[in-house]
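Data file: coords06.txt. Format and content: compact mmCIF, C-alpha atoms and all ligand atoms.
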# COMPACT_ATOMS: atom_id res chain seq x y z
CA MET A 332 30.02 19.09 6.21
CA THR A 333 28.12 15.96 5.31
CA ALA A 334 24.79 16.66 3.70
CA LYS A 335 21.56 15.35 5.14
CA ILE A 336 20.20 12.87 2.60
CA ILE A 337 16.59 13.46 1.61
CA ASP A 338 15.08 10.00 1.19
CA GLY A 339 12.58 10.39 -1.65
CA ARG A 340 11.49 6.76 -1.44
CA ALA A 341 10.45 7.11 2.20
CA VAL A 342 8.68 10.43 1.65
CA ALA A 343 6.92 9.11 -1.45
CA LYS A 344 5.72 6.10 0.53
CA GLU A 345 4.19 8.42 3.14
CA VAL A 346 2.39 10.31 0.37
CA ARG A 347 1.18 7.08 -1.25
CA ASP A 348 -0.02 5.72 2.12
CA ALA A 349 -1.98 8.93 2.73
CA VAL A 350 -3.47 8.65 -0.77
CA ALA A 351 -4.49 5.02 -0.15
CA ALA A 352 -6.14 6.02 3.15
CA ASP A 353 -8.08 8.82 1.40
CA VAL A 354 -9.23 6.41 -1.32
CA ALA A 355 -10.33 3.83 1.27
CA ALA A 356 -12.34 6.50 3.13
CA MET A 357 -13.99 7.61 -0.12
CA VAL A 358 -14.99 4.04 -0.98
CA ALA A 359 -16.24 3.44 2.59
CA GLU A 360 -18.59 6.41 2.05
CA GLY A 361 -20.07 4.54 -0.91
CA LYS A 362 -18.40 6.62 -3.62
CA ASN A 363 -16.63 5.30 -6.67
CA PRO A 364 -12.85 5.19 -6.27
CA PRO A 365 -10.89 7.96 -8.02
CA GLY A 366 -10.37 7.16 -11.71
CA LEU A 367 -7.29 8.03 -13.76
CA ALA A 368 -7.41 7.69 -17.55
CA THR A 369 -4.13 7.56 -19.43
CA VAL A 370 -3.82 8.25 -23.14
CA LEU A 371 -0.78 6.83 -24.91
CA VAL A 372 -0.31 7.65 -28.60
CA GLY A 373 2.13 5.64 -30.70
CA GLU A 374 4.81 3.19 -29.62
CA ASN A 375 7.42 4.91 -27.50
CA PRO A 376 9.08 2.28 -25.24
CA ALA A 377 9.97 4.80 -22.51
CA SER A 378 6.42 6.18 -22.48
CA GLU A 379 5.01 2.64 -22.30
CA VAL A 380 7.17 1.96 -19.22
CA TYR A 381 6.11 5.23 -17.53
CA VAL A 382 2.42 4.58 -18.21
CA SER A 383 2.65 1.02 -16.93
CA MET A 384 4.38 2.25 -13.71
CA LYS A 385 1.55 4.76 -13.21
CA HIS A 386 -1.10 2.05 -13.61
CA LYS A 387 0.66 -0.22 -11.11
CA ALA A 388 0.94 2.61 -8.56
CA CYS A 389 -2.77 3.42 -9.03
CA GLU A 390 -3.72 -0.18 -8.42
CA LYS A 391 -1.72 -0.30 -5.18
CA ALA A 392 -3.43 2.87 -3.92
CA GLY A 393 -6.94 1.67 -4.84
CA ILE A 394 -7.28 4.16 -7.71
CA LYS A 395 -9.05 2.82 -10.80
CA SER A 396 -6.86 3.38 -13.84
CA ILE A 397 -7.98 3.01 -17.41
CA GLY A 398 -5.39 2.86 -20.19
CA HIS A 399 -6.23 4.11 -23.68
CA VAL A 400 -3.87 3.51 -26.57
CA LEU A 401 -4.02 5.13 -29.99
CA PRO A 402 -1.78 4.29 -32.96
CA ALA A 403 1.02 6.65 -34.04
CA THR A 404 -1.11 7.38 -37.11
CA ALA A 405 -3.92 8.87 -34.96
CA THR A 406 -5.02 12.31 -36.14
CA GLN A 407 -5.22 15.44 -34.01
CA GLU A 408 -9.02 15.13 -34.12
CA GLU A 409 -8.96 11.50 -32.97
CA VAL A 410 -6.71 12.27 -29.99
CA GLU A 411 -8.79 15.29 -28.99
CA LYS A 412 -12.05 13.37 -29.41
CA MET A 413 -10.73 10.73 -27.01
CA VAL A 414 -9.88 13.45 -24.46
CA GLU A 415 -13.33 15.05 -24.91
CA ASP A 416 -15.04 11.72 -24.26
CA LEU A 417 -12.95 11.27 -21.10
CA ASN A 418 -13.91 14.80 -20.00
CA GLU A 419 -17.55 13.66 -20.09
CA ASP A 420 -17.00 10.35 -18.29
CA PRO A 421 -18.04 10.69 -14.61
CA GLU A 422 -15.88 7.74 -13.57
CA VAL A 423 -12.77 9.51 -14.84
CA HIS A 424 -11.47 12.15 -12.43
CA GLY A 425 -8.01 12.63 -13.90
CA ILE A 426 -6.74 12.54 -17.50
CA LEU A 427 -3.10 12.08 -18.33
CA VAL A 428 -1.90 12.37 -21.94
CA GLN A 429 1.57 10.82 -21.97
CA LEU A 430 4.11 13.14 -23.57
CA PRO A 431 5.85 13.38 -25.95
CA LEU A 432 3.18 12.90 -28.60
CA PRO A 433 4.33 11.59 -31.99
CA ASP A 434 5.65 14.18 -34.46
CA GLY A 435 2.92 16.03 -36.28
CA LEU A 436 0.53 16.22 -33.33
CA ASP A 437 0.05 19.55 -31.58
CA ASP A 438 0.52 18.76 -27.90
CA GLU A 439 -0.56 22.19 -26.67
CA SER A 440 -3.90 21.84 -28.45
CA VAL A 441 -4.40 18.36 -26.95
CA LEU A 442 -3.50 19.57 -23.45
CA ARG A 443 -5.89 22.50 -23.85
CA THR A 444 -8.70 20.03 -24.58
CA ILE A 445 -8.39 18.42 -21.13
CA SER A 446 -10.95 19.79 -18.70
CA ILE A 447 -8.93 21.76 -16.11
CA GLU A 448 -10.78 19.96 -13.31
CA LYS A 449 -9.27 16.71 -14.66
CA ASP A 450 -5.81 18.08 -15.55
CA VAL A 451 -3.93 16.01 -12.96
CA ASP A 452 -0.64 16.45 -14.84
CA GLY A 453 -1.00 20.23 -14.49
CA PHE A 454 0.06 20.94 -18.10
CA HIS A 455 -3.13 22.66 -19.28
CA PRO A 456 -2.06 26.16 -20.41
CA LEU A 457 -4.57 27.65 -17.95
CA ASN A 458 -3.04 25.79 -15.01
CA ILE A 459 0.49 26.75 -16.09
CA GLY A 460 -0.69 30.34 -16.62
CA ARG A 461 -2.15 30.50 -13.13
CA LEU A 462 1.11 29.16 -11.73
CA ALA A 463 2.84 32.14 -13.33
CA GLN A 464 0.47 34.73 -11.88
CA LYS A 465 0.88 36.27 -8.45
CA GLY A 466 -2.17 35.70 -6.30
CA ARG A 467 -3.65 32.98 -8.53
CA GLU A 468 -3.49 29.26 -7.85
CA PRO A 469 -3.49 26.47 -10.44
CA MET A 470 -5.92 23.61 -9.83
CA PHE A 471 -3.05 21.16 -10.32
CA VAL A 472 0.74 21.45 -10.41
CA PRO A 473 2.99 19.23 -12.59
CA ALA A 474 4.03 16.19 -10.57
CA THR A 475 7.85 16.35 -10.74
CA PRO A 476 8.28 19.98 -9.62
CA ASP A 477 5.46 19.46 -7.10
CA GLY A 478 7.53 16.58 -5.72
CA VAL A 479 10.64 18.78 -5.60
CA LEU A 480 8.83 21.39 -3.50
CA TYR A 481 7.32 18.70 -1.28
CA LEU A 482 10.76 17.27 -0.52
CA LEU A 483 12.19 20.71 0.30
CA LYS A 484 9.33 21.64 2.62
CA ASN A 485 9.22 18.23 4.24
CA ALA A 486 12.93 18.52 5.05
CA GLY A 487 12.28 21.91 6.67
CA VAL A 488 14.30 23.93 4.16
CA VAL A 489 13.47 27.63 4.46
CA LEU A 490 12.30 28.93 1.08
CA GLU A 491 11.01 32.37 2.07
CA GLY A 492 13.69 34.87 1.05
CA ALA A 493 16.09 32.12 -0.06
CA ASP A 494 18.24 32.61 -3.15
CA ALA A 495 17.28 29.72 -5.43
CA VAL A 496 18.86 28.66 -8.70
CA VAL A 497 17.01 26.36 -11.08
CA LEU A 498 19.18 24.71 -13.70
CA GLY A 499 16.93 24.00 -16.68
CA ARG A 500 13.85 25.78 -18.04
CA SER A 501 11.81 22.92 -19.48
CA PHE A 502 8.06 23.07 -19.49
CA ILE A 503 7.92 19.81 -17.51
CA VAL A 504 10.43 20.49 -14.73
CA GLY A 505 12.59 23.62 -14.67
CA MET A 506 10.07 26.35 -15.41
CA PRO A 507 7.26 25.13 -13.13
CA ALA A 508 9.83 24.44 -10.36
CA ALA A 509 11.01 28.05 -10.65
CA LEU A 510 7.43 29.37 -10.57
CA LEU A 511 6.64 27.27 -7.50
CA LEU A 512 9.72 28.61 -5.71
CA ILE A 513 8.65 32.17 -6.52
CA LYS A 514 5.23 31.41 -5.01
CA GLU A 515 7.13 30.38 -1.85
CA ASN A 516 8.80 33.82 -1.85
CA ALA A 517 12.24 32.60 -2.89
CA THR A 518 14.31 34.81 -5.22
CA VAL A 519 14.86 32.68 -8.29
CA THR A 520 17.49 32.61 -11.02
CA ILE A 521 16.70 30.32 -13.94
CA CYS A 522 19.73 29.00 -15.83
CA HIS A 523 19.86 27.22 -19.19
CA SER A 524 22.23 26.29 -21.98
CA ARG A 525 23.05 29.92 -22.84
CA THR A 526 23.66 31.07 -19.26
CA LYS A 527 27.07 32.64 -18.63
CA ASN A 528 29.13 31.90 -15.50
CA LEU A 529 26.94 28.98 -14.53
CA LYS A 530 29.23 27.74 -11.79
CA GLU A 531 29.37 31.15 -10.08
CA LYS A 532 25.59 31.54 -10.24
CA CYS A 533 25.02 28.10 -8.74
CA ALA A 534 27.54 28.76 -5.98
CA GLU A 535 25.35 31.60 -4.69
CA ALA A 536 22.26 29.45 -4.28
CA ASP A 537 20.77 28.54 -0.91
CA VAL A 538 18.53 26.16 -2.87
CA LEU A 539 19.80 24.54 -6.06
CA ILE A 540 17.53 22.51 -8.35
CA ALA A 541 19.35 20.62 -11.10
CA ALA A 542 17.17 19.57 -14.05
CA VAL A 543 19.40 19.60 -17.13
CA GLY A 544 19.94 15.96 -18.08
CA ARG A 545 23.77 16.16 -17.99
CA ALA A 546 25.39 13.46 -15.85
CA GLU A 547 27.24 14.84 -12.80
CA MET A 548 27.59 18.33 -14.28
CA VAL A 549 27.21 20.08 -10.92
CA LYS A 550 30.48 19.64 -9.02
CA GLY A 551 31.19 20.22 -5.35
CA ASP A 552 32.66 23.68 -5.95
CA TRP A 553 29.42 24.77 -7.68
CA ILE A 554 27.59 24.39 -4.37
CA LYS A 555 27.33 26.92 -1.57
CA PRO A 556 28.22 25.25 1.75
CA GLY A 557 25.00 24.20 3.49
CA ALA A 558 22.79 24.62 0.39
CA ALA A 559 19.79 22.38 -0.26
CA VAL A 560 20.47 20.53 -3.52
CA ILE A 561 17.68 18.72 -5.33
CA ASP A 562 18.85 16.56 -8.20
CA VAL A 563 16.09 15.90 -10.74
CA GLY A 564 18.43 14.59 -13.43
CA THR A 565 18.12 10.94 -14.41
CA ASN A 566 20.93 9.97 -16.75
CA ARG A 567 22.12 6.61 -18.02
CA VAL A 568 25.88 6.22 -17.77
CA ASP A 569 27.64 3.17 -19.28
CA ASP A 570 28.91 0.88 -16.54
CA PRO A 571 30.22 -2.54 -17.63
CA SER A 572 30.60 -3.58 -13.96
CA VAL A 573 26.84 -3.99 -13.59
CA GLU A 574 24.75 -6.62 -15.33
CA ARG A 575 22.50 -4.26 -17.26
CA GLY A 576 25.55 -2.34 -18.55
CA TYR A 577 24.60 1.10 -17.24
CA ARG A 578 23.83 2.91 -14.01
CA LEU A 579 21.56 5.84 -13.31
CA THR A 580 23.11 9.06 -12.17
CA GLY A 581 21.89 12.56 -11.53
CA ASP A 582 22.99 15.97 -12.77
CA VAL A 583 24.95 16.45 -9.54
CA ASP A 584 28.26 14.83 -8.63
CA TYR A 585 26.85 13.05 -5.59
CA LYS A 586 30.10 12.26 -3.80
CA GLU A 587 31.39 15.81 -4.09
CA ALA A 588 28.04 17.36 -3.21
CA LEU A 589 27.76 15.22 -0.11
CA GLU A 590 30.77 17.03 1.35
CA VAL A 591 29.43 20.55 0.77
CA ALA A 592 25.64 20.62 0.66
CA GLY A 593 23.33 20.85 3.66
CA TYR A 594 20.64 18.67 2.07
CA LEU A 595 20.93 16.40 -0.94
CA THR A 596 18.66 14.04 -2.89
CA PRO A 597 20.18 10.83 -4.29
CA VAL A 598 19.60 9.46 -7.80
CA PRO A 599 17.90 7.04 -7.86
CA GLY A 600 15.72 7.34 -4.76
CA GLY A 601 15.23 11.11 -4.61
CA VAL A 602 12.84 13.01 -6.86
CA GLY A 603 11.97 10.01 -9.06
CA PRO A 604 9.66 8.22 -6.59
CA MET A 605 7.92 11.52 -5.78
CA THR A 606 6.67 12.06 -9.33
CA ILE A 607 4.15 9.20 -9.33
CA ALA A 608 3.20 9.84 -5.70
CA MET A 609 2.24 13.44 -6.56
CA LEU A 610 0.25 12.28 -9.60
CA LEU A 611 -1.75 9.92 -7.36
CA ARG A 612 -2.31 12.76 -4.90
CA ASN A 613 -3.58 15.00 -7.69
CA THR A 614 -5.96 12.26 -8.86
CA VAL A 615 -7.48 11.93 -5.40
CA ARG A 616 -7.83 15.72 -5.20
CA ALA A 617 -9.60 15.70 -8.56
CA ALA A 618 -12.03 13.05 -7.28
CA LYS A 619 -12.66 15.03 -4.09
CA LEU A 620 -13.40 18.13 -6.16
CA ALA A 621 -15.79 16.14 -8.33
CA TYR A 622 -17.56 14.86 -5.19
CA GLY A 623 -17.77 18.39 -3.84
CA ASN A 624 -15.32 18.09 -0.97
P1 LIG B 701 14.95 19.04 -21.13
O1 LIG B 701 15.97 18.44 -22.04
O2 LIG B 701 13.58 19.31 -21.63
O3 LIG B 701 15.52 20.41 -20.55
C1 LIG B 701 16.85 20.52 -20.11
C2 LIG B 701 17.13 21.94 -19.69
O4 LIG B 701 18.48 22.01 -19.30
C3 LIG B 701 16.95 22.96 -20.82
O5 LIG B 701 16.34 24.12 -20.28
C4 LIG B 701 18.37 23.24 -21.28
O6 LIG B 701 18.60 24.57 -21.72
C5 LIG B 701 19.16 23.04 -20.02
N1 LIG B 701 20.53 22.62 -20.30
C6 LIG B 701 20.93 21.59 -21.09
N2 LIG B 701 22.27 21.52 -21.09
C7 LIG B 701 22.73 22.51 -20.32
C8 LIG B 701 24.02 22.95 -19.94
N3 LIG B 701 25.13 22.33 -20.37
N4 LIG B 701 24.11 24.03 -19.13
C9 LIG B 701 23.00 24.64 -18.67
N5 LIG B 701 21.75 24.26 -18.98
C10 LIG B 701 21.62 23.21 -19.80
O7 LIG B 701 14.91 18.06 -19.87
P2 LIG B 701 13.80 17.87 -18.73
O8 LIG B 701 13.57 19.13 -18.01
O9 LIG B 701 12.65 17.12 -19.27
O10 LIG B 701 14.58 16.86 -17.78
C11 LIG B 701 15.77 17.24 -17.13
C12 LIG B 701 16.32 16.04 -16.40
O11 LIG B 701 15.38 15.62 -15.42
C13 LIG B 701 16.57 14.81 -17.28
O12 LIG B 701 17.69 14.12 -16.80
C14 LIG B 701 15.32 13.97 -17.07
O13 LIG B 701 15.57 12.59 -17.29
C15 LIG B 701 15.03 14.25 -15.63
N6 LIG B 701 13.62 14.08 -15.27
C16 LIG B 701 13.36 13.36 -14.15
C17 LIG B 701 12.07 13.18 -13.73
C18 LIG B 701 11.82 12.43 -12.47
O14 LIG B 701 10.71 12.03 -12.22
N7 LIG B 701 12.84 12.25 -11.63
C19 LIG B 701 10.93 13.67 -14.50
C20 LIG B 701 11.31 14.49 -15.64
C21 LIG B 701 12.62 14.65 -16.00
P3 LIG B 701 17.88 25.20 -23.03
O15 LIG B 701 16.48 25.51 -22.59
O16 LIG B 701 18.67 26.40 -23.32
O17 LIG B 701 17.93 24.14 -24.08
Show me this structure written as structure tokens.
Ligand code: NDP
Amino acid sequence: MTAKIIDGRAVAKEVRDAVAADVAAMVAEGKNPPGLATVLVGENPASEVYVSMKHKACEKAGIKSIGHVLPATATQEEVEKMVEDLNEDPEVHGILVQLPLPDGLDDESVLRTISIEKDVDGFHPLNIGRLAQKGREPMFVPATPDGVLYLLKNAGVVLEGADAVVLGRSFIVGMPAALLLIKENATVTICHSRTKNLKEKCAEADVLIAAVGRAEMVKGDWIKPGAAVIDVGTNRVDDPSVERGYRLTGDVDYKEALEVAGYLTPVPGGVGPMTIAMLLRNTVRAAKLAYGN
């Protein structure tokens, strides 16, 4: 079997185009464009890159983005005051506090300060709590797992009744991905660093989500023939044959998986592009909610 490749770049472009069309329609009606405020605390080079990518994507979609930067020495009160001010600002529809925050700051308390109507990252404890409750819906879902589910559904993968395995239980990816799959009526096993017989558990999955951050850990014989495999992992592996000295690889051994899986996402070009696209979508939704439609 050769897996069907799920092209995350193409799907993300469709989402971004739809977002841009929604924004254009909003502006044509005389409304302000959706506004996304980012809050970056301290000097974390990776976070600076992520925030800058988000601003560029906003600009392309017609979303107004406003970057706020606080020094690493900022106090809990200063960070929360900034979020409170953004909660009150009618031109800001979405607030994104870039994680991780510097040591010493309580991220849960900061995330709790964001108004849930503006919680476009979906990390407010109330939104996460609603995700975990049957019959309740969060206002927003974290972008990466939202993108994972979007890719699965867009490819036509049947989730109802499927046996799904999620590798990883982080607050950002694994856990919300598992909760979203449960909402789709899949039967979900969540695996982590203490899980026994990992390979055997994975090999029973109709849907396998890998979000562990271990390069090419999932081998071909971990995959049930025909399974849908979504590789969230983004790992740097030394590669002297390329100019920059490393290449990006996922948590799944791509070549081996290609021979066994039914569907497979590449790295790069799979889940990665979806993350920003889903954030933009959430920001437009937040603006629509604020405008009462
Ligand atoms: P974390 O490090 O927060 O979580 C990793 C999870 O994997 C933990 O639950 C951990 O278990 C589990 N784990 C680690 N090693 C093993 C192992 N050997 N066997 C089984 N389970 C293991 O990572 P994230 O969830 O933030 O990210 C996961 C991957 O996804 C990374 O490669 C990251 O770069 C990528 N990522 C990609 C994004 C995108 O947009 N494409 C966005 C976010 C992340 P335990 O809980 O027991 O420690």
Which protein, DNA or RNA residues have an atom within 9 Å of ligand LIG 701 (chain B), counting all atoms listed in the file, as an MDAnalysis selection string?
-> chainID A and resid 474:476 478 498:506 521:527 529 541:546 548 562:567 580:582 598:607
Quote the spacing between atom CA of Leu480 of chain A and atom CA of Lys555 of chain A in Å to one decimal place.
->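 Calculated distance between atom CA of Leu480 of chain A and atom CA of Lys555 of chain A is 19.4 Å.
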Using all atoms listed in the file, which of the listed residues (A:Gly593, A:Pro365, A:Gly551, A:Pro433) sits closest to Ala486 of chain A?
->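 The closest residue to Ala486 of chain A is A:Gly593.
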Around (4.5, 4.2, -33.0) in the file's frame, which residues reach within 7 Å when counting all atoms listed in the file? Return as a PyMOL selection string?
-> chain A and resi 373-375+402-403
Nearest to Lys395 of chain A, restricted to only C-alpha atoms and choosing among A:Thr444, A:Gln429, A:Thr614, A:Ser378, comes out as A:Thr614
Contacts of segment 445-460 of chain A at 6 Å (all atoms listed in the file; same-chain gap of 3+ positions) as an MDAnalysis selection string | chainID A and resid 418 424:426 442 463 469 471:473 613:614
Tell me which of A:Glu535, A:Val370, A:Glu415, A:Gly487 sits closest to Val400 of chain A, counting all atoms listed in the file.
->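 Distance minimum relative to Val400 of chain A lands on A:Val370.
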Ala588 of chain A surroundings by all atoms listed in the file, 9 Å radius, close-in-sequence under 2 positions cut, as a list in words | Thr333, Ala334, Val549, Lys550, Gly551, Asp552, Trp553, Ile554, Val560, Val583, Asp584, Tyr585, Lys586, Glu590, Val591, Ala592 and Leu595 of chain A
Distance query 10 Å from (-0.3, 33.6, -7.4) using all atoms listed in the file, result as a list of chain:residue names =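 Within 10 Å of (-0.3, 33.6, -7.4), the protein and nucleic acid residues are A:Gly460, A:Arg461, A:Leu462, A:Ala463, A:Gln464, A:Lys465, A:Gly466, A:Arg467, A:Glu468, A:Pro469, A:Leu510, A:Leu511, A:Ile513, A:Lys514, A:Glu515.
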Do you know which residues are at most 8 Å from His386 of chain A counting only C-alpha atoms, after dropping those on the same chain fewer than 6 positions away, and could you put them as JSON, numbers by chain?
-> {"A": [396, 397, 398]}
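The coordinates place atom CA of Arg616 of chain A at 21.4 Å from atom CA of Leu483 of chain A.
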Nearest-residue call for Asp420 of chain A, choices A:Val479, A:Met357, A:Ala508, A:Ala368, using only C-alpha atoms |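 Of A:Val479, A:Met357, A:Ala508, A:Ala368, the one nearest Asp420 of chain A, counting only C-alpha atoms, is A:Ala368.
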Can you work out the spacing between atom CA of Ser440 of chain A and atom CA of Met413 of chain A in Å, to one decimal?
->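 If I compute the distance from atom CA of Ser440 of chain A to atom CA of Met413 of chain A, I get 13.1 Å.
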List the neighbours of Asp353 of chain A out to 10 Å using all atoms listed in the file; skip same-chain residues closer than 3 positions along the sequence, and give me the result as a list of chain:residue names.
->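 That gives A:Arg347, A:Asp348, A:Ala349, A:Val350, A:Ala356, A:Met357, A:Val358, A:Ala359, A:Pro364, A:Pro365, A:Ala392, A:Gly393, A:Arg612, A:Val615, A:Arg616, A:Lys619.
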